[in-house]
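Engineer: So that you have it, the file is work_0.txt, and it contains compact mmCIF, C-alpha atoms and all ligand atoms:
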# COMPACT_ATOMS: atom_id res chain seq x y z
CA MET A 1 -76.22 41.61 29.79
CA ASN A 2 -76.76 38.06 28.56
CA ALA A 3 -79.78 36.09 29.78
CA ILE A 4 -77.94 33.87 32.31
CA ILE A 5 -75.97 36.75 33.81
CA LYS A 6 -79.20 38.76 34.08
CA LYS A 7 -81.07 35.88 35.72
CA ARG A 8 -78.27 35.41 38.26
CA SER A 9 -77.59 39.10 38.94
CA LEU A 10 -81.28 39.93 39.42
CA GLY A 11 -82.14 36.63 41.14
CA GLN A 12 -84.93 36.02 38.64
CA PHE A 13 -86.33 32.79 40.06
CA PHE A 14 -90.10 33.02 40.04
CA THR A 15 -92.41 31.46 42.62
CA LYS A 16 -94.63 29.34 40.39
CA ASN A 17 -95.83 27.08 43.21
CA ASP A 18 -98.05 28.32 46.00
CA PHE A 19 -97.61 25.70 48.72
CA TRP A 20 -95.74 28.32 50.76
CA LEU A 21 -99.23 29.65 51.58
CA LYS A 22 -99.82 27.58 54.72
CA ASP A 23 -103.08 28.05 56.66
CA HIS A 24 -101.38 30.07 59.42
CA ILE A 25 -99.78 32.36 56.83
CA LEU A 26 -103.14 32.93 55.16
CA GLU A 27 -104.66 33.69 58.57
CA PHE A 28 -101.89 36.21 59.24
CA ILE A 29 -102.52 37.92 55.89
CA LYS A 30 -106.24 38.16 56.69
CA SER A 31 -105.60 39.40 60.23
CA THR A 32 -103.80 42.48 58.89
CA ASN A 33 -107.03 43.76 57.28
CA THR A 34 -104.96 45.33 54.53
CA ARG A 35 -106.43 46.04 51.09
CA ILE A 36 -103.43 46.26 48.77
CA ALA A 37 -101.02 43.41 47.99
CA PHE A 38 -97.62 44.86 47.17
CA ASP A 39 -94.62 43.11 45.62
CA PRO A 40 -91.56 45.38 45.27
CA PHE A 41 -89.71 42.55 43.44
CA ALA A 42 -92.66 41.47 41.33
CA GLY A 43 -90.96 39.39 38.60
CA GLY A 44 -93.57 37.35 36.72
CA GLY A 45 -96.30 38.50 39.12
CA ASP A 46 -96.93 35.02 40.51
CA LEU A 47 -97.23 36.14 44.12
CA LEU A 48 -99.61 38.96 43.18
CA ASN A 49 -101.72 36.43 41.26
CA VAL A 50 -101.98 34.38 44.45
CA ALA A 51 -102.94 37.57 46.33
CA GLN A 52 -105.76 38.16 43.88
CA LYS A 53 -106.94 34.58 44.27
CA ILE A 54 -107.23 35.02 48.03
CA GLY A 55 -109.29 38.16 47.63
CA PHE A 56 -107.08 41.23 47.18
CA LYS A 57 -108.81 43.60 44.76
CA LYS A 58 -105.82 45.93 44.49
CA ILE A 59 -102.26 44.93 43.69
CA LYS A 60 -99.09 46.89 43.10
CA GLY A 61 -95.85 45.55 41.65
CA LEU A 62 -92.42 47.07 41.11
CA ASP A 63 -89.34 45.61 39.48
CA ILE A 64 -85.96 46.83 38.33
CA ASP A 65 -86.30 44.97 35.03
CA LYS A 66 -88.19 47.22 32.65
CA ASN A 67 -89.03 44.29 30.38
CA LEU A 68 -91.37 42.93 33.02
CA ASN A 69 -93.90 45.76 32.59
CA TRP A 70 -94.13 46.89 36.19
CA GLU A 71 -93.33 50.38 37.36
CA GLN A 72 -89.54 50.42 37.42
CA ASN A 73 -87.91 50.82 40.82
CA ASP A 74 -84.67 49.82 42.51
CA SER A 75 -86.24 48.27 45.61
CA LEU A 76 -82.88 47.37 47.13
CA LEU A 77 -82.21 51.08 47.47
CA SER A 78 -85.67 52.27 48.50
CA ILE A 79 -89.25 51.13 48.65
CA PRO A 80 -92.23 53.50 48.82
CA LYS A 81 -94.44 53.42 51.89
CA ILE A 82 -97.85 52.24 50.78
CA LYS A 83 -100.74 52.76 53.19
CA ASN A 84 -103.06 49.88 53.83
CA SER A 85 -100.78 47.40 52.09
CA ILE A 86 -99.20 44.07 52.84
CA THR A 87 -95.91 43.24 51.14
CA ILE A 88 -95.94 39.75 49.60
CA THR A 89 -92.62 39.10 47.99
CA ASN A 90 -89.71 36.86 47.19
CA PRO A 91 -86.70 39.17 46.80
CA PRO A 92 -83.48 38.31 44.95
CA TYR A 93 -80.94 36.22 46.90
CA LEU A 94 -77.23 36.53 46.24
CA THR A 95 -74.31 36.27 48.61
CA ASN A 96 -71.28 38.48 48.31
CA TYR A 97 -69.16 35.32 47.97
CA SER A 98 -71.23 33.74 45.20
CA ALA A 99 -71.50 37.02 43.26
CA LYS A 100 -67.69 37.10 43.20
CA ARG A 101 -67.41 33.42 42.32
CA LYS A 102 -69.85 33.79 39.43
CA GLY A 103 -68.09 36.91 38.14
CA ILE A 104 -71.16 39.14 38.54
CA TYR A 105 -70.06 41.16 41.56
CA LYS A 106 -69.79 44.38 39.55
CA ASN A 107 -73.54 44.20 38.84
CA VAL A 108 -74.44 44.15 42.55
CA LYS A 109 -71.50 45.96 44.16
CA GLN A 110 -73.57 49.07 44.80
CA TYR A 111 -75.80 47.11 47.20
CA PHE A 112 -72.98 45.55 49.20
CA ASP A 113 -71.38 49.01 49.38
CA VAL A 114 -74.35 50.46 51.27
CA CYS A 115 -74.80 47.69 53.84
CA SER A 116 -72.86 45.17 55.88
CA TYR A 117 -75.06 42.15 55.02
CA ASP A 118 -73.46 39.27 53.18
CA ASP A 119 -76.58 38.49 51.12
CA ILE A 120 -78.75 41.02 49.30
CA TYR A 121 -81.99 39.37 50.46
CA GLN A 122 -81.23 40.86 53.90
CA LEU A 123 -81.02 44.33 52.40
CA ALA A 124 -84.39 43.60 50.79
CA ILE A 125 -85.87 42.72 54.21
CA GLU A 126 -84.51 45.94 55.69
CA LYS A 127 -86.19 47.95 52.92
CA CYS A 128 -89.48 45.99 53.10
CA LEU A 129 -89.71 46.64 56.86
CA LYS A 130 -90.45 50.27 55.99
CA ASN A 131 -94.02 49.11 55.44
CA ASP A 132 -96.14 47.82 58.32
CA PHE A 133 -97.00 44.30 57.22
CA GLY A 134 -95.40 41.71 55.05
CA ILE A 135 -94.64 38.18 54.16
CA MET A 136 -91.38 37.31 52.47
CA ILE A 137 -90.01 34.09 50.99
CA ILE A 138 -86.30 34.09 51.81
CA PRO A 139 -83.41 31.63 52.26
CA GLU A 140 -83.85 29.28 55.21
CA THR A 141 -80.40 30.25 56.48
CA PHE A 142 -82.09 33.44 57.70
CA ILE A 143 -83.04 31.66 60.93
CA ASN A 144 -79.33 31.28 61.79
CA SER A 145 -78.43 34.81 60.71
CA ARG A 146 -77.83 37.74 63.02
CA PHE A 147 -80.49 39.83 61.31
CA PRO A 148 -82.69 41.39 64.08
CA LYS A 149 -85.96 39.47 64.14
CA ASN A 150 -88.06 41.59 66.51
CA ARG A 151 -90.63 42.64 63.94
CA LEU A 152 -91.44 39.05 63.02
CA VAL A 153 -94.67 37.31 63.88
CA SER A 154 -93.45 33.94 62.61
CA ILE A 155 -90.84 32.04 60.64
CA THR A 156 -92.01 29.01 58.65
CA ILE A 157 -89.59 26.51 57.19
CA ILE A 158 -90.94 25.14 53.93
CA GLU A 159 -89.48 21.72 53.18
CA ASP A 160 -91.09 21.18 49.80
CA GLN A 161 -89.10 22.37 46.81
CA LEU A 162 -90.68 25.71 45.91
CA PHE A 163 -88.90 26.60 42.70
CA ASN A 164 -88.71 24.74 39.44
CA ASP A 165 -85.30 26.18 38.51
CA THR A 166 -83.33 26.21 41.79
CA GLU A 167 -83.08 24.01 44.88
CA ASN A 168 -82.62 26.88 47.32
CA PRO A 169 -84.05 25.90 50.75
CA VAL A 170 -86.46 28.62 51.88
CA CYS A 171 -88.55 29.87 54.76
CA VAL A 172 -91.39 32.37 54.94
CA ILE A 173 -91.34 35.25 57.40
CA CYS A 174 -94.45 37.17 58.43
CA PHE A 175 -93.94 40.59 60.00
CA ASP A 176 -96.12 43.33 61.42
CA ASN A 177 -95.44 46.81 62.81
CA LYS A 178 -94.87 45.85 66.47
CA ASN A 179 -91.56 45.23 68.18
CA LYS A 180 -91.54 41.89 69.93
CA THR A 181 -89.31 39.73 72.10
CA TYR A 182 -88.21 36.33 70.81
CA ASP A 183 -90.60 34.49 73.13
CA GLN A 184 -93.47 36.02 71.13
CA ILE A 185 -92.28 34.82 67.73
CA ASP A 186 -93.56 31.48 66.42
CA VAL A 187 -91.44 28.99 64.50
CA TYR A 188 -93.22 26.57 62.17
CA LYS A 189 -91.95 23.68 60.13
CA ASN A 190 -94.38 23.34 57.23
CA ASP A 191 -97.80 23.38 58.98
CA GLU A 192 -96.61 22.48 62.47
CA GLN A 193 -95.88 25.07 65.15
CA ILE A 194 -92.66 23.74 66.70
CA GLY A 195 -91.88 26.41 69.31
CA LYS A 196 -90.92 30.01 69.96
CA LEU A 197 -87.82 31.60 68.51
CA GLU A 198 -86.42 32.07 72.02
CA TYR A 199 -86.35 28.29 72.56
CA PHE A 200 -84.30 27.76 69.40
CA GLU A 201 -81.90 30.56 70.31
CA LYS A 202 -81.29 28.87 73.68
CA MET A 203 -80.72 25.47 72.06
CA ARG A 204 -77.78 26.71 69.97
CA ARG A 205 -74.52 24.94 70.84
CA THR A 206 -71.20 26.73 71.09
CA PRO A 207 -67.94 25.00 71.95
CA HIS A 208 -65.68 25.98 74.84
CA LYS A 209 -62.54 25.25 72.83
CA ASN A 210 -60.77 23.96 75.91
CA ILE A 211 -60.00 20.46 74.60
CA TYR A 212 -57.60 19.60 71.78
CA ILE A 213 -59.79 18.75 68.74
CA LYS A 214 -58.42 19.23 65.22
CA PHE A 215 -60.63 19.02 62.12
CA ASN A 216 -59.37 17.99 58.67
CA ALA A 217 -56.42 16.20 60.25
CA GLN A 218 -55.57 13.35 57.85
CA LYS A 219 -54.36 11.05 60.63
CA GLY A 220 -57.33 11.71 62.90
CA GLN A 221 -59.13 8.85 64.67
CA ILE A 222 -62.74 10.03 64.14
CA ALA A 223 -64.39 10.48 60.76
CA LEU A 224 -67.41 12.73 60.37
CA ARG A 225 -69.86 12.70 57.50
CA ALA A 226 -71.13 16.21 58.17
CA VAL A 227 -73.94 16.16 55.64
CA ASP A 228 -77.05 13.98 55.32
CA THR A 229 -77.04 11.69 52.31
CA THR A 230 -80.26 11.40 50.31
CA ASN A 231 -80.76 8.01 52.01
CA PRO A 232 -82.58 8.63 55.34
CA GLN A 233 -80.70 5.60 56.79
CA LYS A 234 -77.37 7.38 56.25
CA PRO A 235 -77.60 10.66 58.12
CA ILE A 236 -74.81 12.89 59.45
CA SER A 237 -72.66 10.76 61.77
CA PHE A 238 -69.38 10.29 63.57
CA MET A 239 -67.60 6.99 62.90
CA LYS A 240 -64.26 5.23 62.67
CA PRO A 241 -62.25 6.36 59.61
CA LYS A 242 -62.38 2.84 58.13
CA GLU A 243 -66.20 2.93 58.20
CA ILE A 244 -66.65 5.92 55.93
CA ASP A 245 -67.23 5.30 52.22
CA TYR A 246 -64.85 8.03 51.12
CA ASP A 247 -61.14 8.22 50.44
CA LEU A 248 -59.90 10.24 53.38
CA ALA A 249 -56.68 11.03 51.55
CA ASP A 250 -58.80 13.59 49.68
CA ILE A 251 -59.49 15.59 52.86
CA LYS A 252 -58.20 19.14 52.54
CA HIS A 253 -57.88 22.03 54.94
CA SER A 254 -61.08 23.42 53.44
CA SER A 255 -63.20 20.22 53.53
CA ARG A 256 -66.62 21.00 54.96
CA LEU A 257 -68.72 17.93 54.16
CA ILE A 258 -66.51 15.04 55.21
CA THR A 259 -63.67 15.33 57.66
CA VAL A 260 -61.32 13.41 59.95
CA ILE A 261 -60.84 14.67 63.46
CA GLU A 262 -57.85 14.29 65.72
CA VAL A 263 -58.28 14.13 69.51
CA LYS A 264 -55.94 13.04 72.27
CA ALA A 265 -57.52 9.75 73.33
CA ASP A 266 -56.87 6.01 73.39
CA ASP A 267 -58.82 3.51 71.26
CA GLN A 268 -61.31 2.66 73.97
CA ALA A 269 -62.08 6.30 74.62
CA ILE A 270 -62.43 6.97 70.88
CA ASP A 271 -65.24 4.38 70.70
CA LYS A 272 -67.02 6.13 73.55
CA ILE A 273 -66.52 9.60 72.06
CA ILE A 274 -68.00 8.42 68.75
CA LYS A 275 -70.96 6.81 70.50
CA TYR A 276 -71.74 9.77 72.79
CA SER A 277 -71.29 12.34 69.99
CA ASN A 278 -73.79 10.47 67.82
CA GLN A 279 -76.25 10.23 70.71
CA MET A 280 -75.99 13.97 71.43
CA LEU A 281 -76.37 14.84 67.78
CA PHE A 282 -79.44 12.62 67.49
CA ASP A 283 -80.99 14.20 70.59
CA PHE A 284 -80.19 17.74 69.37
CA ARG A 285 -81.74 17.09 65.97
CA LYS A 286 -84.89 15.75 67.58
CA LYS A 287 -85.27 18.59 70.07
CA THR A 288 -84.60 21.33 67.52
CA TYR A 289 -86.66 19.69 64.75
CA ASP A 290 -83.45 20.04 62.73
CA VAL A 291 -83.95 23.72 62.07
CA LEU A 292 -80.65 24.86 63.64
CA LEU A 293 -78.53 22.80 61.27
CA SER A 294 -77.80 24.51 57.95
CA PRO A 295 -79.99 23.34 55.10
CA PHE A 296 -78.19 21.57 52.31
CA LYS A 297 -79.39 21.76 48.75
CA GLY A 298 -81.86 19.06 47.77
CA ASN A 299 -84.02 16.86 49.98
CA LYS A 300 -83.68 13.29 51.20
CA LYS A 301 -85.63 10.58 49.39
CA ASN A 302 -88.33 10.81 52.07
CA GLY A 303 -88.86 14.54 51.38
CA GLU A 304 -87.11 15.80 54.52
CA ARG A 305 -84.51 18.48 54.08
CA ARG A 306 -80.86 17.43 54.05
CA ARG A 307 -78.76 19.16 56.67
CA ARG A 308 -75.12 19.98 57.28
CA LEU A 309 -73.43 19.96 60.67
CA ASP A 310 -71.10 22.95 60.98
CA TYR A 311 -67.79 22.26 62.72
CA MET A 312 -68.47 24.61 65.64
CA THR A 313 -71.56 22.63 66.63
CA ALA A 314 -69.72 19.35 65.94
CA ARG A 315 -66.92 20.50 68.23
CA ALA A 316 -69.43 21.26 71.00
CA PHE A 317 -70.73 17.65 70.86
CA LEU A 318 -67.20 16.22 70.74
CA GLU A 319 -66.17 18.25 73.78
CA ASP A 320 -69.12 16.97 75.81
CA ALA A 321 -68.49 13.41 74.61
CA TYR A 322 -64.81 13.74 75.55
CA GLU A 323 -65.79 14.90 79.00
CA LEU A 324 -68.01 11.80 79.37
CA ALA A 325 -65.19 9.52 78.17
CA TYR A 326 -62.65 11.23 80.46
CA PRO A 327 -64.65 12.64 83.38
CA GLY A 328 -63.07 15.79 84.81
CA SER A 329 -60.89 16.38 81.74
CA ARG A 330 -62.20 19.88 81.23
CA LEU A 331 -61.49 20.93 84.82
CA LYS A 332 -57.94 19.57 84.58
CA LEU A 333 -57.26 21.87 81.68
CA PHE A 334 -57.67 25.01 83.80
C1 LIG B 401 -86.68 35.98 43.10
S1 LIG B 401 -87.48 36.94 41.83
C2 LIG B 401 -89.08 36.92 42.50
C3 LIG B 401 -90.16 37.43 41.67
C4 LIG B 401 -91.55 37.30 42.29
N1 LIG B 401 -91.64 38.03 43.54
C5 LIG B 401 -91.90 35.85 42.51
O1 LIG B 401 -91.79 35.38 43.67
O2 LIG B 401 -92.24 35.14 41.57
C6 LIG B 401 -86.81 38.53 42.19
C7 LIG B 401 -87.28 39.65 41.29
O3 LIG B 401 -86.68 40.86 41.80
C8 LIG B 401 -86.23 41.66 40.71
N2 LIG B 401 -85.15 42.49 41.19
C9 LIG B 401 -83.84 42.17 41.36
N3 LIG B 401 -83.16 43.21 41.87
C10 LIG B 401 -84.08 44.20 42.05
C11 LIG B 401 -83.99 45.52 42.56
N4 LIG B 401 -82.83 46.01 42.97
N5 LIG B 401 -85.12 46.25 42.63
C12 LIG B 401 -86.31 45.76 42.19
N6 LIG B 401 -86.45 44.52 41.68
C13 LIG B 401 -85.34 43.75 41.62
C14 LIG B 401 -85.82 40.67 39.65
O4 LIG B 401 -85.92 41.26 38.35
C15 LIG B 401 -86.85 39.53 39.85
O5 LIG B 401 -87.97 39.73 39.02
Kindly transcribe the structure held in the file into structure tokens.
Ligand SMILES: C[S@@+](CC[C@H](N)C(=O)[O-])C[C@H]1O[C@@H](n2cnc3c(N)ncnc32)[C@H](O)[C@@H]1O

Structural biologist:
Amino acid sequence: MNAIIKKRSLGQFFTKNDFWLKDHILEFIKSTNTRIAFDPFAGGGDLLNVAQKIGFKKIKGLDIDKNLNWEQNDSLLSIPKIKNSITITNPPYLTNYSAKRKGIYKNVKQYFDVCSYDDIYQLAIEKCLKNDFGIMIIPETFINSRFPKNRLVSITIIEDQLFNDTENPVCVICFDNKNKTYDQIDVYKNDEQIGKLEYFEKMRRTPHKNIYIKFNAQKGQIALRAVDTTNPQKPISFMKPKEIDYDLADIKHSSRLITVIEVKADDQAIDKIIKYSNQMLFDFRKKTYDVLLSPFKGNKKNGERRRRLDYMTARAFLEDAYELAYPGSRLKLF
């Protein structure tokens, strides 16, 4: 295997920086009273070095790559149960889709064959949960995934760029051995506790799909820049097609970042729909601290994470805005 293929197939991106270790995460580690720090995907050993710095006398690392001088183990297939340990790890990340796109699917097929996850980091979580306690650095998209979260104590979104060689947005999960309900699980953004997981689950928006709204329709009357630019003054927004700095003739069926939307409305109503949709989006972003919108690679110039508005959530705002522009329109449709 050549070096790039190996790096991609094994997800060999090492955690050189330690600003993921927020005070509340350190407190959690201490509260477990465990004596062994264990990394089943140990790589360069950076996380175990941090563990030693914070006082762990015993460490144990495993890795599939025999050149890394750990005991060799395929931790995506099984992880030993280690008494008195806390797992501290950053497992490999790789989606089924990107493995295929990069032509490395054959190297990881065996993992996708034994699970129904679409990213191998989720298989890694499943295996790590065999032990009682752990903290894991994983993709931020985890918060929007269907992976059962009952063993978690907290999820912490880390906005700073953690890796030197990839811009993958990440979060840190802490788990213990107790099953919990979502109102017992804390969500943090960097150092700030922003609410319980249950609150965020309730804030999710799903459309009713009872109003005609067509995305990627070249002749649509509403343009949407669905991704934040790096300029904080130019966030995700709905606007008139002529206001967007993009050639809308390039919009394709598969466009996900910029789109034009067709609705059945007159010019006056379109202005209102644009205004109300932007207001709702603004309010939603504020109330959810932005964590329900998908992270987009790279940060804004002010250090905040860029976000992408998925079209399901966009549709939910447009439907509500349409209802405000044409009161009673939803009822009339039934
Ligand atoms: C993202 S790196 C993280 C390394 C280290 N935990 C850190 O944060 O610096 C993932 C590591 O997992 C290893 N790895 C990939 N697939 C593995 C598998 N199936 N079993 C064990 N280790 C694996 C890779 O060789 C790599 O060293």

Engineer: Which of these, A:Tyr97, A:Lys58, A:Phe133, A:Pro139, has the shortest distance to ligand LIG 401 (chain B) once you count only C-alpha atoms and all ligand atoms?

Structural biologist: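 Of A:Tyr97, A:Lys58, A:Phe133, A:Pro139, the one nearest ligand LIG 401 (chain B), counting only C-alpha atoms and all ligand atoms, is A:Pro139.
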
Engineer: Of the candidates A:Gly55, A:Pro91, A:Gly61, A:Pro148, which shows the shortest atom-to-atom distance to ligand LIG 401 (chain B), using only C-alpha atoms and all ligand atoms?

Structural biologist: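 Nearest to ligand LIG 401 (chain B): A:Pro91.
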
Engineer: Kindly assemble as CSV a list of the chain A residues that lie within 7 Å of ligand LIG 401 (chain B), each paired with its nearest atom pair and their distance in Å to one decimal, using all atoms listed in the file, sorted first by chain and then by ascending residue number.

Structural biologist:
residue,atom,partner,partner_atom,distance
A:Leu10,CA,B:LIG401,C9,3.9
A:Gly11,CA,B:LIG401,C1,5.0
A:Gln12,CA,B:LIG401,C15,4.2
A:Phe13,CA,B:LIG401,C1,4.4
A:Phe14,CA,B:LIG401,O2,3.4
A:Thr15,CA,B:LIG401,O2,3.8
A:Lys16,CA,B:LIG401,O2,6.4
A:Asp39,CA,B:LIG401,N1,6.2
A:Pro40,CA,B:LIG401,C12,6.1
A:Phe41,CA,B:LIG401,O3,3.8
A:Ala42,CA,B:LIG401,N1,4.2
A:Gly43,CA,B:LIG401,O5,3.0
A:Gly44,CA,B:LIG401,O2,5.5
A:Gly45,CA,B:LIG401,O2,5.8
A:Asp46,CA,B:LIG401,O2,4.8
A:Leu47,CA,B:LIG401,O1,5.5
A:Leu62,CA,B:LIG401,C12,6.3
A:Asp63,CA,B:LIG401,N6,3.8
A:Ile64,CA,B:LIG401,C12,4.0
A:Asp65,CA,B:LIG401,O4,5.0
A:Asn73,CA,B:LIG401,C12,5.5
A:Asp74,CA,B:LIG401,N5,3.6
A:Ser75,CA,B:LIG401,N5,3.8
A:Leu76,CA,B:LIG401,N4,4.4
A:Leu77,CA,B:LIG401,N4,6.8
A:Thr89,CA,B:LIG401,N1,4.7
A:Asn90,CA,B:LIG401,N1,4.3
A:Pro91,CA,B:LIG401,C6,4.7
A:Pro92,CA,B:LIG401,C6,4.3
A:Tyr93,CA,B:LIG401,C1,6.9

Engineer: In terms of the shortest atom-to-atom distance over all atoms listed in the file, which of A:Asp320, A:Glu304, A:Glu27, A:Asp290 is closest to Met203 in chain A?

Structural biologist: A:Asp290

Engineer: Can you tell me, as a list in words, which residues sit within 12 Å of (-78.3, 7.9, 55.7) in the file's frame, using only C-alpha atoms?

Structural biologist: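 Residues found, by chain and rising number: Arg225, Ala226, Val227, Asp228, Thr229, Thr230, Asn231, Pro232, Gln233, Lys234, Pro235, Ile236, Ser237, Ile244, Asp245, Lys300, Lys301, Asn302, Glu304, Arg306 and Arg307 of chain A.
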
Engineer: Nearest to His208 in chain A among A:Thr313, A:Asn179, A:Asn278, A:Gln193, with distances taken over all atoms listed in the file: which residue is it?

Structural biologist: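 Under the stated criterion, the closest residue is A:Thr313.
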
Engineer: Hey, what's within 6 Å of range 251-265 of chain A if we count only C-alpha atoms and toss same-chain stuff fewer than 4 positions away? As a ChimeraX atom specification, please?

Structural biologist: /A:212-217,220-227,269

Engineer: Please provide as a PyMOL selection string all residues within 8 Å of Val172 in chain A, with the sequence filter that same-chain residues fewer than 2 positions apart are discarded (counting all atoms listed in the file).

Structural biologist: chain A and resi 20+135-138+155-158+170+174

Engineer: Now that the selection is made, can you save its residues with C-alpha atoms as an mmCIF file, keeping the file's coordinate frame?

Structural biologist:
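Once everything was written out, this is part06.cif:
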data_model
loop_
_atom_site.group_PDB
_atom_site.id
_atom_site.type_symbol
_atom_site.label_atom_id
_atom_site.label_comp_id
_atom_site.auth_asym_id
_atom_site.auth_seq_id
_atom_site.Cartn_x
_atom_site.Cartn_y
_atom_site.Cartn_z
ATOM 1 C CA TRP A 20 -95.740 28.320 50.760
ATOM 2 C CA ILE A 135 -94.640 38.180 54.160
ATOM 3 C CA MET A 136 -91.380 37.310 52.470
ATOM 4 C CA ILE A 137 -90.010 34.090 50.990
ATOM 5 C CA ILE A 138 -86.300 34.090 51.810
ATOM 6 C CA ILE A 155 -90.840 32.040 60.640
ATOM 7 C CA THR A 156 -92.010 29.010 58.650
ATOM 8 C CA ILE A 157 -89.590 26.510 57.190
ATOM 9 C CA ILE A 158 -90.940 25.140 53.930
ATOM 10 C CA VAL A 170 -86.460 28.620 51.880
ATOM 11 C CA CYS A 174 -94.450 37.170 58.430
#

Engineer: Place a sphere of radius 12 Å on (-91.3, 28.4, 64.7) in the file coordinates and name every protein, DNA or RNA residue with an atom inside or on its surface, counting all atoms listed in the file; give the answer as an MDAnalysis selection string.

Structural biologist: chainID A and resid 24 143 152:158 171:174 182:201 288:292
